[in-house]
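structure_20.cif, holding mmCIF, N, CA and C atoms:
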```cif
data_protein
#
loop_
_atom_site.group_PDB
_atom_site.id
_atom_site.type_symbol
_atom_site.label_atom_id
_atom_site.label_comp_id
_atom_site.auth_asym_id
_atom_site.auth_seq_id
_atom_site.Cartn_x
_atom_site.Cartn_y
_atom_site.Cartn_z
ATOM 1 N N MET A 1 19.593 -17.491 45.408
ATOM 2 C CA MET A 1 19.071 -16.860 44.204
ATOM 3 C C MET A 1 18.603 -15.449 44.560
ATOM 4 N N ALA A 2 18.917 -14.467 43.732
ATOM 5 C CA ALA A 2 18.539 -13.077 43.970
ATOM 6 C C ALA A 2 17.037 -12.901 43.799
ATOM 7 N N ASP A 3 16.520 -11.912 44.504
ATOM 8 C CA ASP A 3 15.100 -11.604 44.402
ATOM 9 C C ASP A 3 14.791 -11.111 42.995
ATOM 10 N N GLN A 4 13.853 -11.758 42.322
ATOM 11 C CA GLN A 4 13.476 -11.408 40.951
ATOM 12 C C GLN A 4 12.101 -10.750 40.909
ATOM 13 N N SER A 5 11.669 -10.188 42.014
ATOM 14 C CA SER A 5 10.343 -9.580 42.081
ATOM 15 C C SER A 5 10.210 -8.430 41.096
ATOM 16 N N THR A 6 9.023 -8.303 40.544
ATOM 17 C CA THR A 6 8.694 -7.218 39.629
ATOM 18 C C THR A 6 7.423 -6.541 40.118
ATOM 19 N N ARG A 7 6.974 -5.532 39.388
ATOM 20 C CA ARG A 7 5.740 -4.840 39.730
ATOM 21 C C ARG A 7 4.548 -5.791 39.730
ATOM 22 N N ASN A 8 4.651 -6.904 39.021
ATOM 23 C CA ASN A 8 3.545 -7.846 38.886
ATOM 24 C C ASN A 8 3.580 -9.004 39.864
ATOM 25 N N THR A 9 4.676 -9.161 40.605
ATOM 26 C CA THR A 9 4.860 -10.324 41.466
ATOM 27 C C THR A 9 3.701 -10.558 42.435
ATOM 28 N N PRO A 10 3.212 -9.543 43.147
ATOM 29 C CA PRO A 10 2.118 -9.830 44.092
ATOM 30 C C PRO A 10 0.877 -10.433 43.420
ATOM 31 N N LEU A 11 0.468 -9.881 42.289
ATOM 32 C CA LEU A 11 -0.722 -10.399 41.614
ATOM 33 C C LEU A 11 -0.447 -11.776 40.997
ATOM 34 N N LEU A 12 0.718 -11.945 40.394
ATOM 35 C CA LEU A 12 1.057 -13.249 39.827
ATOM 36 C C LEU A 12 1.118 -14.319 40.916
ATOM 37 N N ASN A 13 1.647 -13.978 42.087
ATOM 38 C CA ASN A 13 1.662 -14.930 43.207
ATOM 39 C C ASN A 13 0.251 -15.289 43.644
ATOM 40 N N GLU A 14 -0.641 -14.316 43.630
ATOM 41 C CA GLU A 14 -2.032 -14.597 43.982
ATOM 42 C C GLU A 14 -2.649 -15.566 42.970
ATOM 43 N N ILE A 15 -2.396 -15.327 41.693
ATOM 44 C CA ILE A 15 -2.920 -16.207 40.638
ATOM 45 C C ILE A 15 -2.358 -17.616 40.797
ATOM 46 N N ILE A 16 -1.054 -17.716 41.023
ATOM 47 C CA ILE A 16 -0.432 -19.031 41.194
ATOM 48 C C ILE A 16 -1.004 -19.729 42.425
ATOM 49 N N GLY A 17 -1.278 -18.955 43.479
ATOM 50 C CA GLY A 17 -1.881 -19.543 44.665
ATOM 51 C C GLY A 17 -3.238 -20.169 44.385
ATOM 52 N N VAL A 18 -3.996 -19.556 43.498
ATOM 53 C CA VAL A 18 -5.322 -20.075 43.156
ATOM 54 C C VAL A 18 -5.220 -21.391 42.397
ATOM 55 N N ILE A 19 -4.217 -21.519 41.533
ATOM 56 C CA ILE A 19 -4.091 -22.727 40.707
ATOM 57 C C ILE A 19 -2.926 -23.620 41.150
ATOM 58 N N ALA A 20 -2.424 -23.407 42.343
ATOM 59 C CA ALA A 20 -1.233 -24.125 42.830
ATOM 60 C C ALA A 20 -1.364 -25.636 42.725
ATOM 61 N N ASP A 21 -2.529 -26.157 43.007
ATOM 62 C CA ASP A 21 -2.692 -27.619 42.960
ATOM 63 C C ASP A 21 -2.639 -28.163 41.531
ATOM 64 N N GLN A 22 -2.651 -27.295 40.536
ATOM 65 C CA GLN A 22 -2.564 -27.713 39.135
ATOM 66 C C GLN A 22 -1.159 -27.549 38.567
ATOM 67 N N LEU A 23 -0.250 -26.987 39.364
ATOM 68 C CA LEU A 23 1.095 -26.686 38.880
ATOM 69 C C LEU A 23 2.126 -27.609 39.519
ATOM 70 N N PRO A 24 2.920 -28.294 38.695
ATOM 71 C CA PRO A 24 3.960 -29.154 39.263
ATOM 72 C C PRO A 24 5.129 -28.347 39.847
ATOM 73 N N ASP A 25 5.410 -27.169 39.285
ATOM 74 C CA ASP A 25 6.549 -26.366 39.726
ATOM 75 C C ASP A 25 6.145 -24.894 39.784
ATOM 76 N N LYS A 26 5.686 -24.481 40.957
ATOM 77 C CA LYS A 26 5.186 -23.109 41.131
ATOM 78 C C LYS A 26 6.271 -22.067 40.887
ATOM 79 N N SER A 27 7.485 -22.325 41.289
ATOM 80 C CA SER A 27 8.582 -21.365 41.096
ATOM 81 C C SER A 27 8.856 -21.140 39.612
ATOM 82 N N SER A 28 8.874 -22.214 38.843
ATOM 83 C CA SER A 28 9.103 -22.078 37.398
ATOM 84 C C SER A 28 7.936 -21.358 36.728
ATOM 85 N N ALA A 29 6.731 -21.653 37.187
ATOM 86 C CA ALA A 29 5.552 -20.987 36.626
ATOM 87 C C ALA A 29 5.624 -19.484 36.889
ATOM 88 N N LEU A 30 6.000 -19.104 38.104
ATOM 89 C CA LEU A 30 6.118 -17.685 38.430
ATOM 90 C C LEU A 30 7.207 -17.034 37.581
ATOM 91 N N ALA A 31 8.338 -17.680 37.456
ATOM 92 C CA ALA A 31 9.436 -17.125 36.648
ATOM 93 C C ALA A 31 9.014 -16.945 35.195
ATOM 94 N N ARG A 32 8.291 -17.916 34.665
ATOM 95 C CA ARG A 32 7.832 -17.817 33.271
ATOM 96 C C ARG A 32 6.842 -16.671 33.094
ATOM 97 N N LEU A 33 5.926 -16.530 34.035
ATOM 98 C CA LEU A 33 4.963 -15.426 33.967
ATOM 99 C C LEU A 33 5.662 -14.076 34.119
ATOM 100 N N GLU A 34 6.624 -13.986 35.048
ATOM 101 C CA GLU A 34 7.379 -12.742 35.227
ATOM 102 C C GLU A 34 8.086 -12.367 33.923
ATOM 103 N N GLN A 35 8.691 -13.340 33.260
ATOM 104 C CA GLN A 35 9.392 -13.079 32.002
ATOM 105 C C GLN A 35 8.404 -12.660 30.910
ATOM 106 N N HIS A 36 7.295 -13.353 30.810
ATOM 107 C CA HIS A 36 6.309 -13.053 29.762
ATOM 108 C C HIS A 36 5.735 -11.640 29.919
ATOM 109 N N PHE A 37 5.449 -11.237 31.149
ATOM 110 C CA PHE A 37 4.823 -9.941 31.402
ATOM 111 C C PHE A 37 5.818 -8.876 31.853
ATOM 112 N N ARG A 38 7.096 -9.070 31.574
ATOM 113 C CA ARG A 38 8.147 -8.174 32.079
ATOM 114 C C ARG A 38 7.949 -6.717 31.674
ATOM 115 N N ASN A 39 7.367 -6.447 30.532
ATOM 116 C CA ASN A 39 7.163 -5.070 30.075
ATOM 117 C C ASN A 39 5.732 -4.582 30.262
ATOM 118 N N ASP A 40 4.928 -5.351 30.972
ATOM 119 C CA ASP A 40 3.530 -5.011 31.195
ATOM 120 C C ASP A 40 3.286 -4.689 32.661
ATOM 121 N N TYR A 41 2.183 -4.046 32.907
ATOM 122 C CA TYR A 41 1.730 -3.794 34.265
ATOM 123 C C TYR A 41 0.382 -4.476 34.412
ATOM 124 N N ILE A 42 0.356 -5.558 35.152
ATOM 125 C CA ILE A 42 -0.882 -6.286 35.395
ATOM 126 C C ILE A 42 -1.509 -5.707 36.649
ATOM 127 N N LEU A 43 -2.783 -5.397 36.564
ATOM 128 C CA LEU A 43 -3.448 -4.711 37.650
ATOM 129 C C LEU A 43 -4.803 -5.341 37.928
ATOM 130 N N ASN A 44 -5.065 -5.596 39.182
ATOM 131 C CA ASN A 44 -6.409 -5.970 39.591
ATOM 132 C C ASN A 44 -7.128 -4.661 39.856
ATOM 133 N N ALA A 45 -7.888 -4.195 38.883
ATOM 134 C CA ALA A 45 -8.455 -2.846 38.918
ATOM 135 C C ALA A 45 -9.656 -2.705 39.839
ATOM 136 N N GLY A 46 -10.193 -3.777 40.294
ATOM 137 C CA GLY A 46 -11.347 -3.690 41.179
ATOM 138 C C GLY A 46 -12.104 -4.999 41.185
ATOM 139 N N ASN A 47 -13.150 -5.029 41.980
ATOM 140 C CA ASN A 47 -13.934 -6.251 42.069
ATOM 141 C C ASN A 47 -15.399 -5.906 42.335
ATOM 142 N N ALA A 48 -16.205 -6.929 42.383
ATOM 143 C CA ALA A 48 -17.638 -6.736 42.564
ATOM 144 C C ALA A 48 -17.958 -6.079 43.904
ATOM 145 N N ASP A 49 -17.182 -6.382 44.937
ATOM 146 C CA ASP A 49 -17.422 -5.754 46.243
ATOM 147 C C ASP A 49 -17.242 -4.241 46.164
ATOM 148 N N PHE A 50 -16.210 -3.790 45.434
ATOM 149 C CA PHE A 50 -16.006 -2.349 45.288
ATOM 150 C C PHE A 50 -17.158 -1.720 44.505
ATOM 151 N N VAL A 51 -17.607 -2.373 43.443
ATOM 152 C CA VAL A 51 -18.730 -1.853 42.657
ATOM 153 C C VAL A 51 -19.960 -1.709 43.553
ATOM 154 N N ALA A 52 -20.226 -2.708 44.379
ATOM 155 C CA ALA A 52 -21.380 -2.649 45.277
ATOM 156 C C ALA A 52 -21.244 -1.498 46.265
ATOM 157 N N SER A 53 -20.050 -1.329 46.826
ATOM 158 C CA SER A 53 -19.814 -0.247 47.772
ATOM 159 C C SER A 53 -19.951 1.122 47.103
ATOM 160 N N ALA A 54 -19.389 1.250 45.903
ATOM 161 C CA ALA A 54 -19.485 2.521 45.176
ATOM 162 C C ALA A 54 -20.938 2.835 44.828
ATOM 163 N N ALA A 55 -21.673 1.831 44.380
ATOM 164 C CA ALA A 55 -23.085 2.041 44.044
ATOM 165 C C ALA A 55 -23.865 2.505 45.270
ATOM 166 N N GLU A 56 -23.583 1.898 46.413
ATOM 167 C CA GLU A 56 -24.258 2.302 47.646
ATOM 168 C C GLU A 56 -23.901 3.750 47.999
ATOM 169 N N SER A 57 -22.622 4.097 47.878
ATOM 170 C CA SER A 57 -22.191 5.471 48.164
ATOM 171 C C SER A 57 -22.858 6.473 47.239
ATOM 172 N N LEU A 58 -23.073 6.049 45.994
ATOM 173 C CA LEU A 58 -23.709 6.913 45.004
ATOM 174 C C LEU A 58 -25.228 6.870 45.080
ATOM 175 N N ARG A 59 -25.738 6.030 45.971
ATOM 176 C CA ARG A 59 -27.171 5.833 46.138
ATOM 177 C C ARG A 59 -27.808 5.312 44.846
ATOM 178 N N LEU A 60 -27.145 4.326 44.239
ATOM 179 C CA LEU A 60 -27.636 3.677 43.021
ATOM 180 C C LEU A 60 -27.992 2.234 43.344
ATOM 181 N N ALA A 61 -29.152 1.803 42.889
ATOM 182 C CA ALA A 61 -29.608 0.440 43.136
ATOM 183 C C ALA A 61 -28.951 -0.520 42.153
ATOM 184 N N ILE A 62 -28.413 -1.622 42.678
ATOM 185 C CA ILE A 62 -27.833 -2.665 41.836
ATOM 186 C C ILE A 62 -27.942 -3.986 42.587
ATOM 187 N N THR A 63 -28.251 -5.050 41.850
ATOM 188 C CA THR A 63 -28.351 -6.360 42.481
ATOM 189 C C THR A 63 -26.999 -7.068 42.408
ATOM 190 N N LYS A 64 -26.848 -8.089 43.231
ATOM 191 C CA LYS A 64 -25.614 -8.889 43.238
ATOM 192 C C LYS A 64 -25.360 -9.501 41.853
ATOM 193 N N GLU A 65 -26.419 -9.896 41.189
ATOM 194 C CA GLU A 65 -26.297 -10.509 39.863
ATOM 195 C C GLU A 65 -25.858 -9.502 38.798
ATOM 196 N N GLU A 66 -26.092 -8.232 39.018
ATOM 197 C CA GLU A 66 -25.740 -7.194 38.048
ATOM 198 C C GLU A 66 -24.295 -6.701 38.183
ATOM 199 N N LEU A 67 -23.657 -6.984 39.299
ATOM 200 C CA LEU A 67 -22.307 -6.477 39.550
ATOM 201 C C LEU A 67 -21.301 -6.870 38.463
ATOM 202 N N PRO A 68 -21.265 -8.134 38.017
ATOM 203 C CA PRO A 68 -20.305 -8.491 36.961
ATOM 204 C C PRO A 68 -20.523 -7.708 35.664
ATOM 205 N N ALA A 69 -21.762 -7.365 35.353
ATOM 206 C CA ALA A 69 -22.043 -6.597 34.143
ATOM 207 C C ALA A 69 -21.385 -5.215 34.216
ATOM 208 N N VAL A 70 -21.350 -4.633 35.410
ATOM 209 C CA VAL A 70 -20.706 -3.326 35.580
ATOM 210 C C VAL A 70 -19.204 -3.460 35.340
ATOM 211 N N LEU A 71 -18.586 -4.489 35.908
ATOM 212 C CA LEU A 71 -17.153 -4.723 35.679
ATOM 213 C C LEU A 71 -16.870 -4.953 34.195
ATOM 214 N N ASP A 72 -17.703 -5.748 33.534
ATOM 215 C CA ASP A 72 -17.523 -6.006 32.100
ATOM 216 C C ASP A 72 -17.643 -4.721 31.289
ATOM 217 N N TYR A 73 -18.614 -3.886 31.631
ATOM 218 C CA TYR A 73 -18.809 -2.615 30.930
ATOM 219 C C TYR A 73 -17.573 -1.727 31.076
ATOM 220 N N ILE A 74 -17.064 -1.612 32.292
ATOM 221 C CA ILE A 74 -15.873 -0.795 32.530
ATOM 222 C C ILE A 74 -14.699 -1.326 31.704
ATOM 223 N N ALA A 75 -14.524 -2.637 31.668
ATOM 224 C CA ALA A 75 -13.432 -3.229 30.882
ATOM 225 C C ALA A 75 -13.623 -2.977 29.390
ATOM 226 N N GLN A 76 -14.844 -3.144 28.886
ATOM 227 C CA GLN A 76 -15.107 -2.950 27.456
ATOM 228 C C GLN A 76 -14.910 -1.508 27.031
ATOM 229 N N LYS A 77 -15.198 -0.581 27.900
ATOM 230 C CA LYS A 77 -15.041 0.838 27.581
ATOM 231 C C LYS A 77 -13.601 1.310 27.792
ATOM 232 N N SER A 78 -12.751 0.388 28.226
ATOM 233 C CA SER A 78 -11.338 0.697 28.495
ATOM 234 C C SER A 78 -11.210 1.892 29.433
ATOM 235 N N THR A 79 -12.091 1.964 30.407
ATOM 236 C CA THR A 79 -12.001 3.064 31.358
ATOM 237 C C THR A 79 -10.986 2.765 32.455
ATOM 238 N N VAL A 80 -10.404 1.594 32.398
ATOM 239 C CA VAL A 80 -9.356 1.234 33.339
ATOM 240 C C VAL A 80 -8.083 1.045 32.539
ATOM 241 N N GLY A 81 -7.068 1.801 32.873
ATOM 242 C CA GLY A 81 -5.799 1.671 32.176
ATOM 243 C C GLY A 81 -4.928 2.884 32.427
ATOM 244 N N ILE A 82 -3.740 2.822 31.922
ATOM 245 C CA ILE A 82 -2.809 3.924 32.063
ATOM 246 C C ILE A 82 -3.083 4.927 30.957
ATOM 247 N N THR A 83 -3.255 6.178 31.338
ATOM 248 C CA THR A 83 -3.530 7.228 30.360
ATOM 249 C C THR A 83 -2.285 8.081 30.155
ATOM 250 N N ILE A 84 -2.311 8.911 29.131
ATOM 251 C CA ILE A 84 -1.202 9.833 28.889
ATOM 252 C C ILE A 84 -1.052 10.790 30.064
ATOM 253 N N ASP A 85 -2.162 11.155 30.693
ATOM 254 C CA ASP A 85 -2.105 12.017 31.873
ATOM 255 C C ASP A 85 -1.402 11.322 33.041
ATOM 256 N N ASN A 86 -1.648 10.014 33.197
ATOM 257 C CA ASN A 86 -0.965 9.261 34.248
ATOM 258 C C ASN A 86 0.537 9.257 34.027
ATOM 259 N N VAL A 87 0.945 9.065 32.772
ATOM 260 C CA VAL A 87 2.371 9.035 32.444
ATOM 261 C C VAL A 87 3.001 10.393 32.722
ATOM 262 N N GLU A 88 2.331 11.465 32.291
ATOM 263 C CA GLU A 88 2.847 12.815 32.518
ATOM 264 C C GLU A 88 3.020 13.098 34.009
ATOM 265 N N THR A 89 2.005 12.776 34.791
ATOM 266 C CA THR A 89 2.068 13.024 36.229
ATOM 267 C C THR A 89 3.196 12.227 36.873
ATOM 268 N N ALA A 90 3.314 10.956 36.525
ATOM 269 C CA ALA A 90 4.346 10.110 37.124
ATOM 270 C C ALA A 90 5.740 10.621 36.796
ATOM 271 N N ILE A 91 5.995 10.944 35.533
ATOM 272 C CA ILE A 91 7.322 11.428 35.142
ATOM 273 C C ILE A 91 7.641 12.740 35.848
ATOM 274 N N ASN A 92 6.683 13.647 35.874
ATOM 275 C CA ASN A 92 6.922 14.940 36.522
ATOM 276 C C ASN A 92 7.092 14.809 38.034
ATOM 277 N N ASP A 93 6.393 13.877 38.653
ATOM 278 C CA ASP A 93 6.537 13.675 40.095
ATOM 279 C C ASP A 93 7.844 12.971 40.458
ATOM 280 N N LEU A 94 8.276 12.063 39.603
ATOM 281 C CA LEU A 94 9.468 11.263 39.909
ATOM 282 C C LEU A 94 10.786 11.914 39.515
ATOM 283 N N PHE A 95 10.773 12.685 38.436
ATOM 284 C CA PHE A 95 12.026 13.187 37.882
ATOM 285 C C PHE A 95 11.939 14.693 37.641
ATOM 286 N N ASP A 96 13.019 15.378 37.942
ATOM 287 C CA ASP A 96 13.078 16.821 37.718
ATOM 288 C C ASP A 96 13.372 17.135 36.263
ATOM 289 N N ASP A 97 12.761 18.201 35.769
ATOM 290 C CA ASP A 97 13.113 18.818 34.496
ATOM 291 C C ASP A 97 13.250 17.820 33.333
ATOM 292 N N ARG A 98 12.161 17.145 32.986
ATOM 293 C CA ARG A 98 12.195 16.190 31.879
ATOM 294 C C ARG A 98 11.506 16.702 30.629
ATOM 295 N N PHE A 99 11.049 17.969 30.649
ATOM 296 C CA PHE A 99 10.363 18.520 29.489
ATOM 297 C C PHE A 99 11.356 18.740 28.353
ATOM 298 N N ILE A 100 10.994 18.319 27.142
ATOM 299 C CA ILE A 100 11.815 18.490 25.956
ATOM 300 C C ILE A 100 11.297 19.703 25.216
ATOM 301 N N GLU A 101 12.146 20.686 25.080
ATOM 302 C CA GLU A 101 11.748 21.920 24.366
ATOM 303 C C GLU A 101 11.510 21.596 22.884
ATOM 304 N N PRO A 102 10.478 22.221 22.284
ATOM 305 C CA PRO A 102 10.210 21.957 20.858
ATOM 306 C C PRO A 102 11.284 22.540 19.940
#
```

Just dump the structure as structure tokens.
Amino acid sequence: MADQSTRNTPLLNEIIGVIADQLPDKSSALARLEQHFRNDYILNAGNADFVASAAESLRLAITKEELPAVLDYIAQKSTVGITIDNVETAINDLFDDRFIEP
């Protein structure tokens, strides 16, 4: 069988690994998830350890119990995601002369 890996395969494999004992057919589960998210980019944008490290670097006090609230706030404010600037940079870096004249 040909390699069907996508941009999401590493994260989906991690998720399947966590719930592997609940899945009768891990390969089928991965294939179904790959198909469902084929046009999406799933990203693990960060974790509580990174928030703690960043807070320490910024010299900001935060408790272990408060770390999830910071992640929730970032998610609610949609500060994590692909922006129009990200798209512009990627297209310009990857491909020559893609500007459409008005």

Quiz item: How would you write, as an MDAnalysis selection string, the residues chosen by the PyMOL selection byres (((chain A and resi 30-43 and name CA) around 8) and name CA) on this structure?
Solution: chainID A and resid 6:9 11:13 16 26:29 44:45

Restrict the selected residues to N, CA and C atoms and save them as a PDB file, keeping the file's coordinate frame.
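In the end it all went to again.pdb:
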```pdb
ATOM      1  N   THR A   6       9.023  -8.303  40.544  1.00  0.00           N
ATOM      2  CA  THR A   6       8.694  -7.218  39.629  1.00  0.00           C
ATOM      3  C   THR A   6       7.423  -6.541  40.118  1.00  0.00           C
ATOM      4  N   ARG A   7       6.974  -5.532  39.388  1.00  0.00           N
ATOM      5  CA  ARG A   7       5.740  -4.840  39.730  1.00  0.00           C
ATOM      6  C   ARG A   7       4.548  -5.791  39.730  1.00  0.00           C
ATOM      7  N   ASN A   8       4.651  -6.904  39.021  1.00  0.00           N
ATOM      8  CA  ASN A   8       3.545  -7.846  38.886  1.00  0.00           C
ATOM      9  C   ASN A   8       3.580  -9.004  39.864  1.00  0.00           C
ATOM     10  N   THR A   9       4.676  -9.161  40.605  1.00  0.00           N
ATOM     11  CA  THR A   9       4.860 -10.324  41.466  1.00  0.00           C
ATOM     12  C   THR A   9       3.701 -10.558  42.435  1.00  0.00           C
ATOM     13  N   LEU A  11       0.468  -9.881  42.289  1.00  0.00           N
ATOM     14  CA  LEU A  11      -0.722 -10.399  41.614  1.00  0.00           C
ATOM     15  C   LEU A  11      -0.447 -11.776  40.997  1.00  0.00           C
ATOM     16  N   LEU A  12       0.718 -11.945  40.394  1.00  0.00           N
ATOM     17  CA  LEU A  12       1.057 -13.249  39.827  1.00  0.00           C
ATOM     18  C   LEU A  12       1.118 -14.319  40.916  1.00  0.00           C
ATOM     19  N   ASN A  13       1.647 -13.978  42.087  1.00  0.00           N
ATOM     20  CA  ASN A  13       1.662 -14.930  43.207  1.00  0.00           C
ATOM     21  C   ASN A  13       0.251 -15.289  43.644  1.00  0.00           C
ATOM     22  N   ILE A  16      -1.054 -17.716  41.023  1.00  0.00           N
ATOM     23  CA  ILE A  16      -0.432 -19.031  41.194  1.00  0.00           C
ATOM     24  C   ILE A  16      -1.004 -19.729  42.425  1.00  0.00           C
ATOM     25  N   LYS A  26       5.686 -24.481  40.957  1.00  0.00           N
ATOM     26  CA  LYS A  26       5.186 -23.109  41.131  1.00  0.00           C
ATOM     27  C   LYS A  26       6.271 -22.067  40.887  1.00  0.00           C
ATOM     28  N   SER A  27       7.485 -22.325  41.289  1.00  0.00           N
ATOM     29  CA  SER A  27       8.582 -21.365  41.096  1.00  0.00           C
ATOM     30  C   SER A  27       8.856 -21.140  39.612  1.00  0.00           C
ATOM     31  N   SER A  28       8.874 -22.214  38.843  1.00  0.00           N
ATOM     32  CA  SER A  28       9.103 -22.078  37.398  1.00  0.00           C
ATOM     33  C   SER A  28       7.936 -21.358  36.728  1.00  0.00           C
ATOM     34  N   ALA A  29       6.731 -21.653  37.187  1.00  0.00           N
ATOM     35  CA  ALA A  29       5.552 -20.987  36.626  1.00  0.00           C
ATOM     36  C   ALA A  29       5.624 -19.484  36.889  1.00  0.00           C
ATOM     37  N   ASN A  44      -5.065  -5.596  39.182  1.00  0.00           N
ATOM     38  CA  ASN A  44      -6.409  -5.970  39.591  1.00  0.00           C
ATOM     39  C   ASN A  44      -7.128  -4.661  39.856  1.00  0.00           C
ATOM     40  N   ALA A  45      -7.888  -4.195  38.883  1.00  0.00           N
ATOM     41  CA  ALA A  45      -8.455  -2.846  38.918  1.00  0.00           C
ATOM     42  C   ALA A  45      -9.656  -2.705  39.839  1.00  0.00           C
TER      43      ALA A  45
END
```

Exercise. Give as a list in words the residues that the PyMOL selection byres ((chain A and resi 65-82) around 8) matches when applied to the coordinates above.
Key: Ala45, Gly46, Asn47, Ala48, Asp49, Val51, Ala52, Ile62, Thr63, Lys64, Thr83, Ile84, Asp85, Asn86 and Val87 of chain A

Practice problem: Just the helix (DSSP H, G or I) stuff from segment 8-95 of chain A, please, per backbone DSSP, written as a PyMOL selection string. | Solution: chain A and resi 9-22+26-36+48-57+64-76+84-94

Quiz item: What is the distance between atom CA of Phe95 of chain A and atom C of Ser5 of chain A, in Å to one decimal?
Solution: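 Separating atom CA of Phe95 of chain A from atom C of Ser5 of chain A is a distance of 21.9 Å.
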
Output as a compact mmCIF listing (two decimals), keeping the file's coordinate frame: segment 67-73 of chain A, completed with all heavy atoms.
```txt
# COMPACT_ATOMS: atom_id res chain seq x y z
N LEU A 67 -23.66 -6.98 39.30
CA LEU A 67 -22.31 -6.48 39.55
C LEU A 67 -21.30 -6.87 38.46
O LEU A 67 -20.54 -6.01 38.00
CB LEU A 67 -21.82 -6.92 40.93
CG LEU A 67 -22.61 -6.37 42.11
CD1 LEU A 67 -22.16 -7.03 43.41
CD2 LEU A 67 -22.50 -4.87 42.19
N PRO A 68 -21.26 -8.13 38.02
CA PRO A 68 -20.30 -8.49 36.96
C PRO A 68 -20.52 -7.71 35.66
O PRO A 68 -19.56 -7.39 34.96
CB PRO A 68 -20.54 -9.99 36.74
CG PRO A 68 -21.11 -10.47 38.04
CD PRO A 68 -21.95 -9.33 38.54
N ALA A 69 -21.76 -7.36 35.35
CA ALA A 69 -22.04 -6.60 34.14
C ALA A 69 -21.38 -5.22 34.22
O ALA A 69 -20.90 -4.70 33.21
CB ALA A 69 -23.55 -6.46 33.93
N VAL A 70 -21.35 -4.63 35.41
CA VAL A 70 -20.71 -3.33 35.58
C VAL A 70 -19.20 -3.46 35.34
O VAL A 70 -18.60 -2.65 34.63
CB VAL A 70 -21.01 -2.73 36.97
CG1 VAL A 70 -20.21 -1.47 37.21
CG2 VAL A 70 -22.50 -2.48 37.12
N LEU A 71 -18.59 -4.49 35.91
CA LEU A 71 -17.15 -4.72 35.68
C LEU A 71 -16.87 -4.95 34.20
O LEU A 71 -15.91 -4.41 33.65
CB LEU A 71 -16.66 -5.91 36.50
CG LEU A 71 -16.59 -5.69 38.00
CD1 LEU A 71 -16.32 -7.01 38.72
CD2 LEU A 71 -15.54 -4.66 38.36
N ASP A 72 -17.70 -5.75 33.53
CA ASP A 72 -17.52 -6.01 32.10
C ASP A 72 -17.64 -4.72 31.29
O ASP A 72 -16.87 -4.48 30.36
CB ASP A 72 -18.55 -7.03 31.59
CG ASP A 72 -18.30 -8.42 32.15
OD1 ASP A 72 -17.19 -8.68 32.65
OD2 ASP A 72 -19.23 -9.24 32.10
N TYR A 73 -18.61 -3.89 31.63
CA TYR A 73 -18.81 -2.62 30.93
C TYR A 73 -17.57 -1.73 31.08
O TYR A 73 -17.09 -1.14 30.10
CB TYR A 73 -20.05 -1.90 31.48
CG TYR A 73 -20.30 -0.56 30.83
CD1 TYR A 73 -21.04 -0.46 29.66
CD2 TYR A 73 -19.79 0.60 31.39
CE1 TYR A 73 -21.27 0.77 29.06
CE2 TYR A 73 -20.01 1.83 30.80
CZ TYR A 73 -20.75 1.91 29.63
OH TYR A 73 -20.96 3.13 29.04
```
